[in-house]
Amino acid sequence: MQGEHIEPVDLRATGAVARRQAFSRLSRYLLLAMSLLGVATLVVLGYITIDDGAGRIDLDFLTNYPSRFADQAGLRSSALGTIWILGTTIVLAIPVAVGTAIWIEEFAPKNALLTFVKLNIANLAGVPSIIYGILGLAMFVRFADLGPSILAGALTLTLMIIPMTVIASQEAIKQVPPSLREGSLAVGATQWQTVWSHVLPSALPGIITGVILSISRAAGETAALIMIGAFSFIAFDHSLNPAEALQDDFTTIPIQIYNWTIRPQEAFRQNAAAAIILLMIAVFTLNLTAAVIRERFRRTY
Amino acid sequence: MTNTLASERAEQPPRSHLIIEPEGPSVFGLENVSFWYGRKQALGDISMKIPVKRVTALIGPSGCGKTTLLRCLNRMNDLIPGVRLEGSVNYHEHNIYAKDIDPVEVRRRIGMVFQKPNPFPKSIFENVAFGARVNGYKGDMRERVEKSLRQAALWDEVSDDLKKSGLALSGGQQQRLCIARALAVQPDVILMDEPCSALDPIATLKIEDLIRDLVKELTIVIVTHNMQQAARVSDYTAFMLAGVQGVGQLIEYGPTRELFTNPRDQRTEDYITGRFG
């Protein structure tokens with residue numbers, strides 16, 4: 001028996017493999033460049049803003065009402081307005097949105113009507129905010145005669161963020177494994193007991209993420225609120241009694257920023273930059289809090 | 001004497017001699033059960049009785065409808081949209097698919113253990129207590145949890161740390177936790193859907209011992225792919241096969257020993273001797 005001849009093997013990249021590998025390496029650098037482009041833009045914008053506005057931030061800036069003198073103007077009324085608007089929106093929007101998501105995923109009969117509803121919710125999530133502003137103006141400010149009040153503003157933002165909150169919550173609920181539901185139903189739990197004890201706790205981290213993203217969007221919303229008429233000079237604190245405060249005219253930080261940026265004087269532009277920094281810090285804090293809550297919940301549950 | 005028996009047998013329709021009804025009282029009586037997933041029929045005309053305080057095994061190749069049949073017994077199939085059942089599944093003389101029957105009442109009495117252990121992502125204690133609690137148990141919960149864990153032969157392994165997550169247990173322990181969870185509701189029947197298919201041989205043996213122990217108190221119906229397992233744990237065995245267009249049918253049913261040592265149908269014999277297909 002003669003020994004079989006064994007071809008020598010070359011495992012270095014040659015021919016087609018070399019070409020494919022070269023393309024693969026190139027793609028890595030291309031993708032890195034794209035990511036860097038976005039990050040770099042943000043860094044530059046952040047730097048310019050901080051450079052312009054950081055010097056303006058002090059306690060007076062937080063506690064002063066707006067003023068026609070740039071160095072005396074502050075965020076007091078717009079910050080309070082933002083807190084009132086966001087608080088009211090959260091109270092109005094979250095139960096409706098999460099409830100809707102639970103109904104769609106857990107209770108609704110899977111029929112054509114449900115498909116239609118889901119499609120519409122997805123479409124509504126893509127509607128530009130100015131449209132919600134027009135709707136709010138017609139329905140809440142004029143028809144319901146609420147005026148350009150905190151309640152009208154919060155209702156408008158509620159309409160605006162419900163669709164995206166519903167979709168985010170739906171996604172979170174879909175991630176809950178069916179075996180969990182089966183395990184619960186198999187010991188004689190009702191559908192509601194199953195949802196309350198197992199589905200919701202499992203979906204909660206995802207729901208919180210979605211809710212926070214929606215709230216961040218509401219916190220930065222300007223167009224819809226200007227549309228309903230929230231562009232007034234506010235030099236008073238809202239009452240702590242919601243029944244009174246909800247009827248007040250208001251302004252918010254994004255509106256105040258807009259207000260300042262359209263003025264010609266350099267000093268107001270610095271005010272705007274300072275307000276942007278504070279708004280960014282607020283939104284980051286919000287997101288961070290959400291991340292902490294989420295992680296803690298994920299660990300204990 | 002032998003002649004009369006033989007002639008009687010010859011007169012019977014060809015199928016019925018393959019079904020030996022168990023003696024004594026039965027928990028379930030299935031009458032002409034057919035089942036559809038949407039348009040696809042999964043079970044065709046199944047009639048059988050399942051005896052009280054015995055282990056009944058459902059065996060057959062993949063896709064023969066044994067899991068579907070098992071899930072018909074406690075209305076777990078209700079959860080799937082577009083399913084339909086014809087015929088009746090009688091549980092102690094009540095058709096569980098009758099209009100006025102509540103599936104929650106059914107599942108409270110007829111527990112289930114699934115193929116893949118699915119403990120809740122909660123503590124061992126909470127896993128077991130959940131079923132008792134949702135069913136309104138007001139007594140001493142610690143006692144109920146301990147009793148269920150002891151019944152499931154898990155107590156000695158977990159008693160020092162009931163606060164530990166159920167997911168931190170090994171696969172076999174998780175499955176016994178799921179059995180304890182089912183027992184805590186004090187069911188009349190436990191349905192097991194291939195409870196050992198995700199477990200190693202030692203964990204499997206433990207579950208099998210447990211099944212023999214539990215059947216002194218309640219009725220067990222088990223789906224298994226493992227014929228040795230069916231032979232080891234069950235008192236009665238039903239052999240199923242997907243017939244024309246994948247419709248699952250009951251081919252042969254009888255005492256396990258009888259079915260394994262003296263199968264009456266050629267297909268049963270082929271399957272249990274591993275000559276199938």
# chains A, B, ... in the order shown; residues from 1 in each chain; ligands from 1
>>> select_by_dssp(residues="region 16-101 of chain B", states="alpha helix (DSSP H)", output="list in words")
Lys66, Thr67, Thr68, Leu69, Leu70, Arg71 and Cys72 of chain B
>>> residues_around(residues="region 83-92 of chain B", least_positions_apart="5", cutoff="10 Å", atoms="only C-alpha atoms", output="JSON, numbers by chain")
{"B": [25, 26, 27, 28, 29, 30, 31, 32, 33, 34, 35, 36, 37, 38, 39, 40, 41, 42, 43, 44, 45, 46, 47, 48, 49, 50, 52, 72, 73, 74, 75, 77, 78, 97, 98, 106, 110]}
>>> closest_atom_pairs(of="chain A", to="chain B", cutoff="6 Å", atoms="only C-alpha atoms", output="Markdown table")
| residue | atom | partner | partner_atom | distance |
| --- | --- | --- | --- | --- |
| A:Ala186 | CA | B:Arg107 | CA | 5.6 |
| A:Val187 | CA | B:Gly131 | CA | 5.2 |
| A:Gly188 | CA | B:Arg108 | CA | 4.2 |
| A:Ala189 | CA | B:Val134 | CA | 5.8 |
>>> write_last_selection(atoms="N, CA and C atoms", output="compact mmCIF listing (two decimals), in the first residue's frame")
# COMPACT_ATOMS: atom_id res chain seq x y z
N ALA A 186 -52.05 27.71 35.06
CA ALA A 186 -52.19 26.29 35.36
C ALA A 186 -52.44 26.02 36.85
N VAL A 187 -52.13 26.98 37.73
CA VAL A 187 -52.47 26.76 39.15
C VAL A 187 -53.80 27.41 39.50
N GLY A 188 -54.56 27.81 38.48
CA GLY A 188 -55.89 28.34 38.74
C GLY A 188 -55.94 29.84 38.98
N ALA A 189 -54.89 30.55 38.57
CA ALA A 189 -54.94 32.01 38.66
C ALA A 189 -55.82 32.54 37.53
>>> select_by_dssp(residues="region 1-109 of chain B", states="strand (DSSP E or B)", output="JSON, numbers by chain")
{"B": [19, 26, 27, 28, 29, 30, 31, 32, 33, 34, 35, 36, 37, 40, 41, 42, 43, 44, 45, 46, 47, 48, 49, 50, 51, 55, 56, 57, 58, 59, 83, 84, 85, 86, 87, 88, 89, 90, 91, 94, 95]}
>>> residues_around(residues="region 48-56 of chain A", least_positions_apart="5", cutoff="10 Å", atoms="only C-alpha atoms", output="number ranges by chain")
A: 42-43, 61, 71, 74, 266-278
>>> write_last_selection(atoms="N, CA and C atoms", output="mmCIF file, in the first residue's frame")
data_model
loop_
_atom_site.group_PDB
_atom_site.id
_atom_site.type_symbol
_atom_site.label_atom_id
_atom_site.label_comp_id
_atom_site.auth_asym_id
_atom_site.auth_seq_id
_atom_site.Cartn_x
_atom_site.Cartn_y
_atom_site.Cartn_z
ATOM 1 N N LEU A 42 -22.339 65.991 18.579
ATOM 2 C CA LEU A 42 -22.890 66.238 19.909
ATOM 3 C C LEU A 42 -21.878 66.921 20.815
ATOM 4 N N VAL A 43 -20.643 66.427 20.771
ATOM 5 C CA VAL A 43 -19.600 66.989 21.627
ATOM 6 C C VAL A 43 -19.380 68.467 21.288
ATOM 7 N N PHE A 61 -30.268 82.822 38.628
ATOM 8 C CA PHE A 61 -30.802 82.392 37.335
ATOM 9 C C PHE A 61 -31.941 81.387 37.529
ATOM 10 N N ASP A 71 -29.689 90.122 32.283
ATOM 11 C CA ASP A 71 -28.924 89.677 33.455
ATOM 12 C C ASP A 71 -29.799 89.477 34.684
ATOM 13 N N GLY A 74 -34.611 84.904 34.718
ATOM 14 C CA GLY A 74 -34.310 83.576 35.254
ATOM 15 C C GLY A 74 -35.345 82.551 34.832
ATOM 16 N N GLU A 266 -27.038 89.572 22.544
ATOM 17 C CA GLU A 266 -26.123 88.484 22.866
ATOM 18 C C GLU A 266 -26.399 87.923 24.267
ATOM 19 N N ALA A 267 -26.732 88.797 25.216
ATOM 20 C CA ALA A 267 -26.927 88.374 26.605
ATOM 21 C C ALA A 267 -28.065 87.373 26.722
ATOM 22 N N PHE A 268 -29.134 87.555 25.915
ATOM 23 C CA PHE A 268 -30.248 86.609 25.967
ATOM 24 C C PHE A 268 -29.849 85.259 25.389
ATOM 25 N N ARG A 269 -28.959 85.328 24.364
ATOM 26 C CA ARG A 269 -28.494 84.054 23.798
ATOM 27 C C ARG A 269 -27.711 83.265 24.847
ATOM 28 N N GLN A 270 -26.972 83.981 25.681
ATOM 29 C CA GLN A 270 -26.271 83.289 26.770
ATOM 30 C C GLN A 270 -27.255 82.680 27.758
ATOM 31 N N ASN A 271 -28.330 83.427 28.044
ATOM 32 C CA ASN A 271 -29.379 82.877 28.906
ATOM 33 C C ASN A 271 -29.912 81.570 28.319
ATOM 34 N N ALA A 272 -30.170 81.599 27.011
ATOM 35 C CA ALA A 272 -30.711 80.414 26.350
ATOM 36 C C ALA A 272 -29.750 79.244 26.507
ATOM 37 N N ALA A 273 -28.463 79.483 26.282
ATOM 38 C CA ALA A 273 -27.466 78.411 26.417
ATOM 39 C C ALA A 273 -27.469 77.853 27.838
ATOM 40 N N ALA A 274 -27.539 78.755 28.814
ATOM 41 C CA ALA A 274 -27.561 78.320 30.209
ATOM 42 C C ALA A 274 -28.788 77.459 30.482
ATOM 43 N N ALA A 275 -29.943 77.881 29.951
ATOM 44 C CA ALA A 275 -31.179 77.115 30.160
ATOM 45 C C ALA A 275 -31.086 75.743 29.502
ATOM 46 N N ILE A 276 -30.437 75.724 28.300
ATOM 47 C CA ILE A 276 -30.268 74.435 27.610
ATOM 48 C C ILE A 276 -29.459 73.475 28.473
ATOM 49 N N ILE A 277 -28.367 74.003 29.061
ATOM 50 C CA ILE A 277 -27.532 73.147 29.921
ATOM 51 C C ILE A 277 -28.378 72.559 31.050
ATOM 52 N N LEU A 278 -29.179 73.409 31.695
ATOM 53 C CA LEU A 278 -29.980 72.933 32.829
ATOM 54 C C LEU A 278 -31.032 71.917 32.383
#
>>> atom_distance(atom1="CA of Ile281 (chain A)", atom2="CA of Glu244 (chain A)")
29.4 Å
>>> closest_residue(among="A:Ala40, A:Gly220, A:Ile121, A:Asp10", to="Met280 (chain A)", atoms="only C-alpha atoms")
A:Gly220
>>> residues_around(residues="Gly153 (chain A)", least_positions_apart="2", cutoff="12 Å", atoms="only C-alpha atoms", output="PyMOL selection string")
chain A and resi 81-82+84-89+92+132-137+139-141+146-151+155-160+218-219+221-231+246-252
>>> write_last_selection(atoms="C-alpha atoms", output="mmCIF file, in the first residue's frame")
data_model
loop_
_atom_site.group_PDB
_atom_site.id
_atom_site.type_symbol
_atom_site.label_atom_id
_atom_site.label_comp_id
_atom_site.auth_asym_id
_atom_site.auth_seq_id
_atom_site.Cartn_x
_atom_site.Cartn_y
_atom_site.Cartn_z
ATOM 1 C CA GLY A 81 -44.273 75.308 34.583
ATOM 2 C CA THR A 82 -42.249 72.368 33.284
ATOM 3 C CA TRP A 84 -46.423 71.111 36.612
ATOM 4 C CA ILE A 85 -46.870 70.163 32.961
ATOM 5 C CA LEU A 86 -44.756 67.011 33.237
ATOM 6 C CA GLY A 87 -46.320 65.938 36.522
ATOM 7 C CA THR A 88 -49.832 66.327 35.151
ATOM 8 C CA THR A 89 -48.919 64.594 31.899
ATOM 9 C CA LEU A 92 -52.815 61.438 32.889
ATOM 10 C CA TYR A 132 -51.102 67.582 18.314
ATOM 11 C CA GLY A 133 -50.740 71.289 19.103
ATOM 12 C CA ILE A 134 -53.465 72.196 16.609
ATOM 13 C CA LEU A 135 -55.672 69.415 17.994
ATOM 14 C CA GLY A 136 -55.053 70.652 21.548
ATOM 15 C CA LEU A 137 -55.845 74.209 20.529
ATOM 16 C CA MET A 139 -60.251 70.645 21.497
ATOM 17 C CA PHE A 140 -58.930 71.742 24.872
ATOM 18 C CA VAL A 141 -58.217 75.473 24.579
ATOM 19 C CA LEU A 146 -59.694 75.557 29.133
ATOM 20 C CA GLY A 147 -57.662 78.447 27.716
ATOM 21 C CA PRO A 148 -53.880 78.164 27.313
ATOM 22 C CA SER A 149 -53.733 76.565 30.772
ATOM 23 C CA ILE A 150 -51.536 73.930 32.380
ATOM 24 C CA LEU A 151 -54.410 71.450 32.071
ATOM 25 C CA LEU A 155 -53.777 67.088 27.958
ATOM 26 C CA THR A 156 -52.124 67.955 24.649
ATOM 27 C CA LEU A 157 -48.833 66.351 25.655
ATOM 28 C CA THR A 158 -50.768 63.378 27.027
ATOM 29 C CA LEU A 159 -52.325 62.793 23.611
ATOM 30 C CA MET A 160 -48.901 63.185 22.065
ATOM 31 C CA ALA A 218 -42.644 65.703 26.535
ATOM 32 C CA ALA A 219 -40.081 67.623 28.610
ATOM 33 C CA GLU A 221 -41.672 69.667 23.597
ATOM 34 C CA THR A 222 -42.021 73.233 22.345
ATOM 35 C CA ALA A 223 -44.044 73.395 19.163
ATOM 36 C CA ALA A 224 -47.240 71.834 20.463
ATOM 37 C CA LEU A 225 -47.249 74.039 23.565
ATOM 38 C CA ILE A 226 -46.576 77.233 21.638
ATOM 39 C CA MET A 227 -49.413 76.201 19.332
ATOM 40 C CA ILE A 228 -51.901 76.094 22.193
ATOM 41 C CA GLY A 229 -50.751 79.553 23.293
ATOM 42 C CA ALA A 230 -48.254 78.901 26.044
ATOM 43 C CA PHE A 231 -46.014 81.782 25.104
ATOM 44 C CA LEU A 246 -54.153 73.663 36.497
ATOM 45 C CA GLN A 247 -56.101 76.706 35.310
ATOM 46 C CA ASP A 248 -53.033 78.967 35.252
ATOM 47 C CA ASP A 249 -51.308 80.180 32.133
ATOM 48 C CA PHE A 250 -47.812 78.763 31.993
ATOM 49 C CA THR A 251 -44.498 78.631 30.256
ATOM 50 C CA THR A 252 -41.903 75.862 30.162
#
>>> closest_residue(among="B:Leu69, B:Met141, B:Ile211, B:Val233", to="Arg176 (chain B)", atoms="only C-alpha atoms")
B:Ile211
>>> residues_around(residues="Ala203 (chain A)", least_positions_apart="2", cutoff="6 Å", atoms="only C-alpha atoms", output="MDAnalysis selection string")
chainID A and resid 172:173 200:201 205:206
>>> write_last_selection(atoms="C-alpha atoms", output="PDB file, in the first residue's frame")
ATOM      1  CA  ALA A 172     -42.063  45.064  26.943  1.00  0.00           C
ATOM      2  CA  ILE A 173     -45.135  42.893  27.575  1.00  0.00           C
ATOM      3  CA  LEU A 200     -46.457  43.285  34.794  1.00  0.00           C
ATOM      4  CA  PRO A 201     -43.510  42.743  37.164  1.00  0.00           C
ATOM      5  CA  PRO A 205     -38.237  47.412  33.446  1.00  0.00           C
ATOM      6  CA  GLY A 206     -39.128  47.715  29.762  1.00  0.00           C
TER       7      GLY A 206
END
>>> closest_residue(among="A:Ala33, A:Gly38, A:Lys110, A:Phe23", to="Ile80 (chain B)", atoms="only C-alpha atoms")
A:Lys110
>>> residues_around(residues="region 152-154 of chain B", least_positions_apart="3", cutoff="12 Å", atoms="only C-alpha atoms", output="MDAnalysis selection string")
chainID B and resid 124:125 128 145:149 157:162 166 169:170 172:184 203 206:215
>>> atom_distance(atom1="CA of Ser234 (chain B)", atom2="CA of Thr256 (chain B)")
6.4 Å
